[in-house]
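Undergrad: Okay, so here is target_33.pdb, and as you'll see once you scroll down, it has PDB, C-alpha atoms.
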MODEL        1
ATOM      1  CA  MET A   1     141.894 106.601  37.072
ATOM      2  CA  ILE A   2     140.462 106.481  33.587
ATOM      3  CA  SER A   3     143.135 107.534  31.164
ATOM      4  CA  VAL A   4     142.821 108.358  27.499
ATOM      5  CA  TYR A   5     144.201 104.899  26.677
ATOM      6  CA  HIS A   6     141.072 103.252  28.062
ATOM      7  CA  TYR A   7     138.859 105.162  25.644
ATOM      8  CA  MET A   8     141.193 104.513  22.734
ATOM      9  CA  THR A   9     141.178 100.777  23.467
ATOM     10  CA  VAL A  10     137.371 100.697  23.411
ATOM     11  CA  ALA A  11     137.465 102.606  20.131
ATOM     12  CA  ALA A  12     139.992 100.122  18.731
ATOM     13  CA  ILE A  13     137.765  97.168  19.633
ATOM     14  CA  LEU A  14     134.749  98.799  17.991
ATOM     15  CA  PHE A  15     136.821  99.568  14.897
ATOM     16  CA  ALA A  16     137.960  95.946  14.594
ATOM     17  CA  LEU A  17     134.361  94.754  15.002
ATOM     18  CA  GLY A  18     133.276  97.128  12.249
ATOM     19  CA  THR A  19     136.036  95.847   9.974
ATOM     20  CA  TYR A  20     134.941  92.259  10.570
ATOM     21  CA  GLY A  21     131.349  93.181   9.779
ATOM     22  CA  VAL A  22     132.212  94.993   6.554
ATOM     23  CA  LEU A  23     134.255  92.050   5.289
ATOM     24  CA  THR A  24     131.829  89.318   6.325
ATOM     25  CA  ARG A  25     128.242  90.403   5.800
ATOM     26  CA  ARG A  26     126.352  90.131   2.549
ATOM     27  CA  ASN A  27     123.523  92.583   3.184
ATOM     28  CA  ALA A  28     124.431  96.055   1.911
ATOM     29  CA  ILE A  29     122.553  97.869   4.690
ATOM     30  CA  VAL A  30     124.320  95.867   7.416
ATOM     31  CA  ILE A  31     127.642  96.684   5.725
ATOM     32  CA  TYR A  32     126.669 100.336   5.886
ATOM     33  CA  MET A  33     125.846  99.978   9.592
ATOM     34  CA  CYS A  34     129.288  98.488  10.243
ATOM     35  CA  ILE A  35     130.858 101.443   8.423
ATOM     36  CA  GLU A  36     128.928 103.737  10.764
ATOM     37  CA  LEU A  37     130.301 101.724  13.696
ATOM     38  CA  MET A  38     133.842 102.368  12.452
ATOM     39  CA  LEU A  39     133.125 106.091  12.015
ATOM     40  CA  ASN A  40     131.800 106.270  15.552
ATOM     41  CA  SER A  41     134.872 104.585  16.964
ATOM     42  CA  VAL A  42     136.959 107.278  15.281
ATOM     43  CA  ASN A  43     134.649 109.908  16.794
ATOM     44  CA  LEU A  44     135.307 108.452  20.242
ATOM     45  CA  THR A  45     139.061 108.596  19.659
ATOM     46  CA  PHE A  46     138.877 112.216  18.553
ATOM     47  CA  ILE A  47     136.810 113.332  21.522
ATOM     48  CA  ALA A  48     138.909 111.363  24.027
ATOM     49  CA  LEU A  49     142.128 112.916  22.733
ATOM     50  CA  SER A  50     140.544 116.366  22.504
ATOM     51  CA  SER A  51     139.482 116.110  26.133
ATOM     52  CA  HIS A  52     142.923 114.872  27.159
ATOM     53  CA  LEU A  53     144.849 117.547  25.265
ATOM     54  CA  GLN A  54     142.370 120.219  26.411
ATOM     55  CA  SER A  55     141.734 121.602  22.951
ATOM     56  CA  MET A  56     138.608 122.076  20.886
ATOM     57  CA  ASP A  57     139.980 120.949  17.523
ATOM     58  CA  GLY A  58     139.062 117.289  17.862
ATOM     59  CA  GLN A  59     135.470 118.002  18.765
ATOM     60  CA  VAL A  60     134.950 120.392  15.852
ATOM     61  CA  PHE A  61     136.304 117.707  13.549
ATOM     62  CA  VAL A  62     133.788 115.266  15.017
ATOM     63  CA  VAL A  63     130.994 117.686  14.064
ATOM     64  CA  PHE A  64     132.228 117.591  10.485
ATOM     65  CA  ILE A  65     132.478 113.797  10.552
ATOM     66  CA  MET A  66     128.855 113.660  11.670
ATOM     67  CA  ALA A  67     127.794 116.017   8.880
ATOM     68  CA  VAL A  68     129.570 113.934   6.242
ATOM     69  CA  ALA A  69     128.159 110.713   7.739
ATOM     70  CA  GLY A  70     124.659 112.151   7.422
ATOM     71  CA  ALA A  71     125.272 113.060   3.792
ATOM     72  CA  GLU A  72     126.705 109.578   3.171
ATOM     73  CA  ALA A  73     123.632 108.007   4.777
ATOM     74  CA  ALA A  74     121.291 109.831   2.426
ATOM     75  CA  VAL A  75     123.222 109.094  -0.749
ATOM     76  CA  GLY A  76     124.183 105.513   0.147
ATOM     77  CA  LEU A  77     120.673 104.477   1.099
ATOM     78  CA  ALA A  78     119.243 106.098  -2.047
ATOM     79  CA  LEU A  79     121.798 104.064  -3.997
ATOM     80  CA  MET A  80     120.640 100.873  -2.284
ATOM     81  CA  ILE A  81     117.014 101.654  -3.071
ATOM     82  CA  THR A  82     117.915 102.139  -6.744
ATOM     83  CA  PHE A  83     119.839  98.886  -6.810
ATOM     84  CA  TYR A  84     116.961  97.038  -5.189
ATOM     85  CA  ARG A  85     114.613  98.471  -7.771
ATOM     86  CA  ASN A  86     116.727  97.029 -10.586
ATOM     87  CA  ARG A  87     117.771  93.693  -9.133
ATOM     88  CA  ASP A  88     115.236  92.919  -6.386
ATOM     89  CA  SER A  89     117.923  92.154  -3.818
ATOM     90  CA  ILE A  90     120.737  93.979  -2.039
ATOM     91  CA  ASP A  91     122.983  91.008  -1.616
ATOM     92  CA  VAL A  92     126.493  92.241  -2.381
ATOM     93  CA  GLY A  93     127.299  88.856  -3.886
ATOM     94  CA  GLU A  94     125.097  89.847  -6.801
ATOM     95  CA  MET A  95     126.869  93.150  -7.417
ATOM     96  CA  ASN A  96     129.464  91.487  -9.591
ATOM     97  CA  LEU A  97     129.377  93.304 -12.920
ATOM     98  CA  LEU A  98     133.068  94.173 -12.572
ATOM     99  CA  LYS A  99     134.077  90.545 -12.235
ATOM    100  CA  MET A 100     135.697  89.012 -15.269
TER     101      MET A 100
ATOM    102  CA  MET B   1     133.804 103.883  41.325
ATOM    103  CA  GLU B   2     133.979 105.764  38.088
ATOM    104  CA  ILE B   3     136.139 103.105  36.543
ATOM    105  CA  ILE B   4     133.574 100.411  37.318
ATOM    106  CA  PHE B   5     130.963 102.519  35.529
ATOM    107  CA  PHE B   6     133.346 102.963  32.611
ATOM    108  CA  TYR B   7     133.931  99.223  32.303
ATOM    109  CA  LEU B   8     130.184  98.555  32.457
ATOM    110  CA  VAL B   9     129.400 101.024  29.675
ATOM    111  CA  ALA B  10     132.330  99.743  27.613
ATOM    112  CA  LEU B  11     131.073  96.173  28.004
ATOM    113  CA  VAL B  12     127.586  97.136  26.833
ATOM    114  CA  ALA B  13     129.044  99.047  23.874
ATOM    115  CA  VAL B  14     131.237  96.130  22.778
ATOM    116  CA  VAL B  15     128.428  93.575  23.194
ATOM    117  CA  SER B  16     126.119  95.806  21.130
ATOM    118  CA  GLY B  17     128.842  96.038  18.495
ATOM    119  CA  ILE B  18     129.039  92.244  18.411
ATOM    120  CA  LEU B  19     125.254  92.163  17.972
ATOM    121  CA  VAL B  20     125.556  94.548  15.021
ATOM    122  CA  VAL B  21     128.014  92.345  13.158
ATOM    123  CA  ARG B  22     126.568  88.966  14.060
ATOM    124  CA  CYS B  23     122.751  89.200  13.967
ATOM    125  CA  GLN B  24     121.090  87.648  10.977
ATOM    126  CA  SER B  25     118.185  90.036  10.794
ATOM    127  CA  PRO B  26     119.041  93.633   9.788
ATOM    128  CA  VAL B  27     116.548  95.082  12.290
ATOM    129  CA  ASN B  28     118.394  93.396  15.177
ATOM    130  CA  SER B  29     121.659  94.836  13.889
ATOM    131  CA  ALA B  30     120.053  98.285  13.732
ATOM    132  CA  LEU B  31     118.913  98.035  17.347
ATOM    133  CA  GLY B  32     122.399  96.975  18.421
ATOM    134  CA  LEU B  33     123.820  99.987  16.603
ATOM    135  CA  VAL B  34     121.396 102.347  18.372
ATOM    136  CA  ASN B  35     122.554 100.876  21.691
ATOM    137  CA  THR B  36     126.183 101.441  20.720
ATOM    138  CA  PHE B  37     125.387 105.068  19.884
ATOM    139  CA  PHE B  38     123.850 105.582  23.308
ATOM    140  CA  CYS B  39     126.892 104.066  25.033
ATOM    141  CA  LEU B  40     129.194 106.340  23.050
ATOM    142  CA  SER B  41     127.032 109.275  24.067
ATOM    143  CA  ILE B  42     127.592 108.300  27.719
ATOM    144  CA  PHE B  43     131.332 108.275  27.010
ATOM    145  CA  TYR B  44     131.143 111.776  25.573
ATOM    146  CA  VAL B  45     129.460 113.032  28.738
ATOM    147  CA  MET B  46     132.207 111.394  30.814
ATOM    148  CA  LEU B  47     134.775 113.201  28.663
ATOM    149  CA  HIS B  48     133.267 116.624  29.433
ATOM    150  CA  ALA B  49     131.710 117.046  25.978
ATOM    151  CA  PRO B  50     127.964 117.291  26.659
ATOM    152  CA  PHE B  51     127.132 119.073  23.408
ATOM    153  CA  MET B  52     128.707 116.266  21.411
ATOM    154  CA  ALA B  53     126.706 113.734  23.429
ATOM    155  CA  ALA B  54     123.451 115.491  22.586
ATOM    156  CA  ILE B  55     124.411 115.841  18.928
ATOM    157  CA  GLN B  56     125.388 112.168  18.795
ATOM    158  CA  VAL B  57     121.965 111.106  20.042
ATOM    159  CA  MET B  58     120.135 113.552  17.785
ATOM    160  CA  VAL B  59     122.061 112.977  14.560
ATOM    161  CA  TYR B  60     123.111 109.338  14.759
ATOM    162  CA  ALA B  61     120.488 107.624  16.876
ATOM    163  CA  GLY B  62     117.731 110.031  15.928
ATOM    164  CA  ALA B  63     118.206 110.711  12.228
ATOM    165  CA  ILE B  64     120.582 108.236  10.598
ATOM    166  CA  MET B  65     119.243 105.144  12.348
ATOM    167  CA  VAL B  66     115.647 106.170  11.618
ATOM    168  CA  LEU B  67     116.601 106.554   7.949
ATOM    169  CA  ILE B  68     118.228 103.103   7.957
ATOM    170  CA  LEU B  69     115.176 101.522   9.582
ATOM    171  CA  PHE B  70     112.886 103.211   7.056
ATOM    172  CA  VAL B  71     114.942 101.777   4.207
ATOM    173  CA  ILE B  72     114.969  98.307   5.806
ATOM    174  CA  MET B  73     111.201  98.392   6.130
ATOM    175  CA  LEU B  74     110.769  99.888   2.636
ATOM    176  CA  LEU B  75     112.780  97.116   1.027
ATOM    177  CA  ASN B  76     111.044  94.519   3.212
ATOM    178  CA  LEU B  77     114.194  92.532   3.821
ATOM    179  CA  GLY B  78     114.139  89.259   5.642
ATOM    180  CA  ALA B  79     116.974  87.595   7.470
ATOM    181  CA  GLU B  80     119.879  86.787   5.226
ATOM    182  CA  ALA B  81     120.764  83.186   4.552
ATOM    183  CA  ARG B  82     123.065  81.705   7.162
ATOM    184  CA  GLN B  83     126.522  81.463   5.747
ATOM    185  CA  ARG B  84     128.636  78.407   6.399
ATOM    186  CA  TYR B  85     132.193  78.791   7.555
ATOM    187  CA  THR B  86     133.578  79.743   4.183
ATOM    188  CA  LYS B  87     137.017  81.025   3.429
ATOM    189  CA  GLY B  88     135.607  84.540   3.615
ATOM    190  CA  ILE B  89     134.887  84.426   7.342
ATOM    191  CA  VAL B  90     138.286  83.000   8.224
ATOM    192  CA  TRP B  91     140.222  85.588   6.265
ATOM    193  CA  SER B  92     138.087  88.501   7.420
ATOM    194  CA  SER B  93     138.371  87.549  11.086
ATOM    195  CA  LEU B  94     142.119  87.278  10.547
ATOM    196  CA  ALA B  95     142.173  90.720   8.940
ATOM    197  CA  SER B  96     140.117  92.346  11.702
ATOM    198  CA  LEU B  97     142.236  90.641  14.376
ATOM    199  CA  LEU B  98     145.306  92.041  12.651
ATOM    200  CA  VAL B  99     143.747  95.510  12.684
ATOM    201  CA  LEU B 100     142.968  95.171  16.396
ATOM    202  CA  VAL B 101     146.461  93.970  17.309
ATOM    203  CA  ASN B 102     148.024  96.721  15.229
ATOM    204  CA  VAL B 103     145.977  99.480  16.814
ATOM    205  CA  ILE B 104     146.463  98.181  20.370
ATOM    206  CA  TYR B 105     150.196  97.980  19.786
ATOM    207  CA  PHE B 106     150.329 101.595  18.678
ATOM    208  CA  ILE B 107     148.153 102.661  21.595
ATOM    209  CA  LYS B 108     150.409 100.882  24.067
ATOM    210  CA  ARG B 109     153.564 102.249  22.547
ATOM    211  CA  GLY B 110     152.434 105.783  21.882
ATOM    212  CA  ARG B 111     153.127 108.551  24.321
ATOM    213  CA  VAL B 112     150.193 110.917  24.340
ATOM    214  CA  THR B 113     151.708 114.150  25.559
ATOM    215  CA  GLY B 114     150.264 116.266  28.276
ATOM    216  CA  ALA B 115     147.750 119.053  28.020
ATOM    217  CA  GLU B 116     148.638 121.788  25.608
ATOM    218  CA  GLY B 117     145.466 123.792  25.218
ATOM    219  CA  ASP B 118     143.444 125.706  27.716
ATOM    220  CA  ILE B 119     139.950 124.242  27.458
ATOM    221  CA  THR B 120     139.810 122.425  30.766
ATOM    222  CA  ALA B 121     136.762 120.710  32.209
ATOM    223  CA  PHE B 122     136.192 123.787  34.370
ATOM    224  CA  THR B 123     136.154 126.021  31.259
ATOM    225  CA  VAL B 124     133.620 123.722  29.600
ATOM    226  CA  GLU B 125     131.362 123.816  32.616
ATOM    227  CA  SER B 126     131.588 127.561  33.146
ATOM    228  CA  PHE B 127     131.366 128.834  29.577
ATOM    229  CA  GLY B 128     129.128 126.141  28.173
ATOM    230  CA  HIS B 129     130.285 123.607  25.665
ATOM    231  CA  THR B 130     128.037 124.920  22.913
ATOM    232  CA  GLU B 131     129.612 128.357  23.062
ATOM    233  CA  LEU B 132     133.123 126.942  22.900
ATOM    234  CA  ILE B 133     132.371 124.759  19.886
ATOM    235  CA  GLY B 134     130.510 127.603  18.186
ATOM    236  CA  LYS B 135     133.393 129.967  18.757
ATOM    237  CA  ALA B 136     135.889 127.491  17.336
ATOM    238  CA  MET B 137     133.726 126.594  14.377
ATOM    239  CA  LEU B 138     132.913 130.122  13.306
ATOM    240  CA  THR B 139     136.386 131.611  13.678
ATOM    241  CA  GLU B 140     139.055 129.024  13.115
ATOM    242  CA  PHE B 141     137.062 126.433  11.162
ATOM    243  CA  LEU B 142     134.877 128.707   9.075
ATOM    244  CA  LEU B 143     135.855 127.320   5.677
ATOM    245  CA  PRO B 144     135.127 123.652   6.579
ATOM    246  CA  PHE B 145     131.837 124.819   8.057
ATOM    247  CA  GLU B 146     130.748 126.410   4.782
ATOM    248  CA  ILE B 147     132.003 123.476   2.759
ATOM    249  CA  ALA B 148     130.033 121.091   5.000
ATOM    250  CA  SER B 149     126.842 122.948   4.165
ATOM    251  CA  ILE B 150     127.616 122.582   0.450
ATOM    252  CA  VAL B 151     128.263 118.860   1.001
ATOM    253  CA  LEU B 152     124.863 118.478   2.643
ATOM    254  CA  LEU B 153     123.165 120.355  -0.182
ATOM    255  CA  VAL B 154     124.799 118.142  -2.804
ATOM    256  CA  ALA B 155     123.823 115.048  -0.809
ATOM    257  CA  ILE B 156     120.189 116.108  -0.707
ATOM    258  CA  ILE B 157     120.105 116.722  -4.453
ATOM    259  CA  GLY B 158     121.921 113.458  -5.122
ATOM    260  CA  ALA B 159     119.590 111.415  -2.949
ATOM    261  CA  VAL B 160     116.512 112.864  -4.619
ATOM    262  CA  VAL B 161     117.902 112.256  -8.113
ATOM    263  CA  LEU B 162     119.004 108.700  -7.296
ATOM    264  CA  ALA B 163     115.766 107.578  -5.738
ATOM    265  CA  LYS B 164     113.361 109.091  -8.228
ATOM    266  CA  ARG B 165     111.294 106.744 -10.353
ATOM    267  CA  GLU B 166     111.553 108.475 -13.693
ATOM    268  CA  VAL B 167     114.518 110.649 -14.511
TER     269      VAL B 167
ENDMDL
END
In structure tokens, write the structure found in this file.

TA:
Amino acid sequence: MISVYHYMTVAAILFALGTYGVLTRRNAIVIYMCIELMLNSVNLTFIALSSHLQSMDGQVFVVFIMAVAGAEAAVGLALMITFYRNRDSIDVGEMNLLKM
Amino acid sequence: MEIIFFYLVALVAVVSGILVVRCQSPVNSALGLVNTFFCLSIFYVMLHAPFMAAIQVMVYAGAIMVLILFVIMLLNLGAEARQRYTKGIVWSSLASLLVLVNVIYFIKRGRVTGAEGDITAFTVESFGHTELIGKAMLTEFLLPFEIASIVLLVAIIGAVVLAKREV
């Protein structure tokens, strides 16, 4: 029998993979893709628990997460295009103006 | 039988996730992410949420990934330089392993209580999932719904202003 713990474990593994990707990669777009992976693992947790608890609240929240993720995609990618226009690379190692 | 199918889909999702974080070319990572989105959509169907599965494919795999691929092709990125085993990789794998252990511990220890609502799988199949989500979103979650539309409007304006050539 597939319980809700199975789905939450898969979501946990995807979240840990996303964390590893955000901390390791140097390309800003790949970092953004790993953030989307983490958001999707949270979506899976919400929908698994909503289906287990037989309520609609989790799934409505997932709709809002998707809306905010779409907005974040637009703004974040526009930001990367602007940065590329100024510096000719999107390597996060070169975004170091705050370093002393 | 269903659990074998679940393990198969979970394996494909996790392997695609590993492809996302480990491929050197950003296009390969994007394709791995699209595959992960499809596997999650299969999970949503198994959890009696077919509307969310369709929305996942349409919004994530259909809109956000297309946007990411457009930006990758616009910026004409190549593969990033292969990084040696620096201190960064060791500490970040330690941190993500810590996150995984932490979350699995709380999952194992937690006691998810029984059903407390009344939206069973039978209700979803008889009323239609779209109607149930629409009813919830337009009665109980009306304020977040309106605020989400404002968020999308602000995001559109912000993206246009950020990516323009001359301000």

Undergrad: Select from chain B every residue with an atom at most 7 Å from any atom of chain A, then for each give the shortest pair of atoms and their distance in Å to one decimal, using all atoms listed in the file, rows by chain and rising number, as JSON lines.

TA:
{"residue": "B:Ile3", "atom": "CA", "partner": "A:Ile2", "partner_atom": "CA", "distance": 6.2}
{"residue": "B:Ala10", "atom": "CA", "partner": "A:Val10", "partner_atom": "CA", "distance": 6.6}
{"residue": "B:Val14", "atom": "CA", "partner": "A:Leu14", "partner_atom": "CA", "distance": 6.5}
{"residue": "B:Gly17", "atom": "CA", "partner": "A:Leu14", "partner_atom": "CA", "distance": 6.5}
{"residue": "B:Ile18", "atom": "CA", "partner": "A:Leu17", "partner_atom": "CA", "distance": 6.8}
{"residue": "B:Val21", "atom": "CA", "partner": "A:Gly21", "partner_atom": "CA", "distance": 4.8}
{"residue": "B:Pro26", "atom": "CA", "partner": "A:Val30", "partner_atom": "CA", "distance": 6.2}
{"residue": "B:Leu47", "atom": "CA", "partner": "A:Ser51", "partner_atom": "CA", "distance": 6.1}
{"residue": "B:Ile64", "atom": "CA", "partner": "A:Gly70", "partner_atom": "CA", "distance": 6.5}
{"residue": "B:Gly88", "atom": "CA", "partner": "A:Thr24", "partner_atom": "CA", "distance": 6.7}
{"residue": "B:Ile89", "atom": "CA", "partner": "A:Thr24", "partner_atom": "CA", "distance": 5.9}
{"residue": "B:Ser92", "atom": "CA", "partner": "A:Leu23", "partner_atom": "CA", "distance": 5.6}
{"residue": "B:Ser93", "atom": "CA", "partner": "A:Tyr20", "partner_atom": "CA", "distance": 5.8}
{"residue": "B:Ser96", "atom": "CA", "partner": "A:Ala16", "partner_atom": "CA", "distance": 5.1}
{"residue": "B:Leu97", "atom": "CA", "partner": "A:Ala16", "partner_atom": "CA", "distance": 6.8}
{"residue": "B:Val99", "atom": "CA", "partner": "A:Ala16", "partner_atom": "CA", "distance": 6.1}
{"residue": "B:Leu100", "atom": "CA", "partner": "A:Ala16", "partner_atom": "CA", "distance": 5.4}
{"residue": "B:Val103", "atom": "CA", "partner": "A:Ala12", "partner_atom": "CA", "distance": 6.3}
{"residue": "B:Ile104", "atom": "CA", "partner": "A:Thr9", "partner_atom": "CA", "distance": 6.7}
{"residue": "B:Ile107", "atom": "CA", "partner": "A:Tyr5", "partner_atom": "CA", "distance": 6.8}
{"residue": "B:Gly114", "atom": "CA", "partner": "A:Leu53", "partner_atom": "CA", "distance": 6.3}
{"residue": "B:Ala115", "atom": "CA", "partner": "A:Leu53", "partner_atom": "CA", "distance": 4.3}
{"residue": "B:Glu116", "atom": "CA", "partner": "A:Leu53", "partner_atom": "CA", "distance": 5.7}
{"residue": "B:Gly117", "atom": "CA", "partner": "A:Gln54", "partner_atom": "CA", "distance": 4.9}
{"residue": "B:Asp118", "atom": "CA", "partner": "A:Gln54", "partner_atom": "CA", "distance": 5.7}
{"residue": "B:Ile119", "atom": "CA", "partner": "A:Gln54", "partner_atom": "CA", "distance": 4.8}
{"residue": "B:Thr120", "atom": "CA", "partner": "A:Gln54", "partner_atom": "CA", "distance": 5.5}
{"residue": "B:Ile133", "atom": "CA", "partner": "A:Val60", "partner_atom": "CA", "distance": 6.5}
{"residue": "B:Met137", "atom": "CA", "partner": "A:Val60", "partner_atom": "CA", "distance": 6.5}
{"residue": "B:Ala148", "atom": "CA", "partner": "A:Ala67", "partner_atom": "CA", "distance": 6.8}
{"residue": "B:Leu152", "atom": "CA", "partner": "A:Ala71", "partner_atom": "CA", "distance": 5.6}
{"residue": "B:Ala155", "atom": "CA", "partner": "A:Ala71", "partner_atom": "CA", "distance": 5.2}
{"residue": "B:Gly158", "atom": "CA", "partner": "A:Val75", "partner_atom": "CA", "distance": 6.3}
{"residue": "B:Ala159", "atom": "CA", "partner": "A:Val75", "partner_atom": "CA", "distance": 4.8}
{"residue": "B:Leu162", "atom": "CA", "partner": "A:Ala78", "partner_atom": "CA", "distance": 5.9}
{"residue": "B:Ala163", "atom": "CA", "partner": "A:Ala78", "partner_atom": "CA", "distance": 5.3}

Undergrad: By how many Å are CA of Phe43 in chain B and CA of Val27 in chain B apart?

TA: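 Distance reported for this atom pair: 24.7 Å.
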
Undergrad: What is the CA of Ala13 in chain B to CA of Cys39 in chain B distance in Å?

TA: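 Here the two named atoms are 5.6 Å from each other.
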
Undergrad: Listed atoms of range 72-79 of chain B, axis-aligned box, 4 Å per side: centre and edge lengths to one decimal in Å, as JSON?

TA:
{"center_x": 113.9, "center_y": 93.7, "center_z": 4.2, "size_x": 14.2, "size_y": 20.3, "size_z": 14.4}

Undergrad: What does the distance between CA of Val57 in chain B and CA of Ser41 in chain B come to in Å, to one decimal place?

TA: 6.7 Å

Undergrad: What lies within 12 Å of Glu125 in chain B using all atoms listed in the file, ignoring chain neighbours under 2 positions off, as a PyMOL selection string?

TA: chain B and resi 45+47-51+119-123+127-132

Undergrad: Keeping C-alpha atoms, export the residues of the selection given above as a compact mmCIF listing (two decimals), keeping the file's coordinate frame.

TA:
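Now in part10.txt:
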# COMPACT_ATOMS: atom_id res chain seq x y z
CA VAL B 45 129.46 113.03 28.74
CA LEU B 47 134.78 113.20 28.66
CA HIS B 48 133.27 116.62 29.43
CA ALA B 49 131.71 117.05 25.98
CA PRO B 50 127.96 117.29 26.66
CA PHE B 51 127.13 119.07 23.41
CA ILE B 119 139.95 124.24 27.46
CA THR B 120 139.81 122.42 30.77
CA ALA B 121 136.76 120.71 32.21
CA PHE B 122 136.19 123.79 34.37
CA THR B 123 136.15 126.02 31.26
CA PHE B 127 131.37 128.83 29.58
CA GLY B 128 129.13 126.14 28.17
CA HIS B 129 130.28 123.61 25.66
CA THR B 130 128.04 124.92 22.91
CA GLU B 131 129.61 128.36 23.06
CA LEU B 132 133.12 126.94 22.90

Undergrad: Applied to the shown file, which residues does the PyMOL selection byres ((chain B and resi 56) around 9) return, written as a list in words?

TA: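 This file gives the following for the PyMOL selection byres ((chain B and resi 56) around 9): Met66 of chain A; Phe37, Phe38, Leu40, Ser41, Tyr44, Phe51, Met52, Ala53, Ala54, Ile55, Val57, Met58, Val59, Tyr60, Ala61 and Gly62 of chain B.
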
Undergrad: Next, dump the selected residues to file, keeping only C-alpha atoms, as a JSON list (two decimals), in the frame of the given file.

TA:
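Contents of out_37.json, as written:
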[["chain", "number", "residue", "atom", "x", "y", "z"],
["A", 66, "MET", "CA", 128.85, 113.66, 11.67],
["B", 37, "PHE", "CA", 125.39, 105.07, 19.88],
["B", 38, "PHE", "CA", 123.85, 105.58, 23.31],
["B", 40, "LEU", "CA", 129.19, 106.34, 23.05],
["B", 41, "SER", "CA", 127.03, 109.28, 24.07],
["B", 44, "TYR", "CA", 131.14, 111.78, 25.57],
["B", 51, "PHE", "CA", 127.13, 119.07, 23.41],
["B", 52, "MET", "CA", 128.71, 116.27, 21.41],
["B", 53, "ALA", "CA", 126.71, 113.73, 23.43],
["B", 54, "ALA", "CA", 123.45, 115.49, 22.59],
["B", 55, "ILE", "CA", 124.41, 115.84, 18.93],
["B", 57, "VAL", "CA", 121.96, 111.11, 20.04],
["B", 58, "MET", "CA", 120.14, 113.55, 17.78],
["B", 59, "VAL", "CA", 122.06, 112.98, 14.56],
["B", 60, "TYR", "CA", 123.11, 109.34, 14.76],
["B", 61, "ALA", "CA", 120.49, 107.62, 16.88],
["B", 62, "GLY", "CA", 117.73, 110.03, 15.93]]
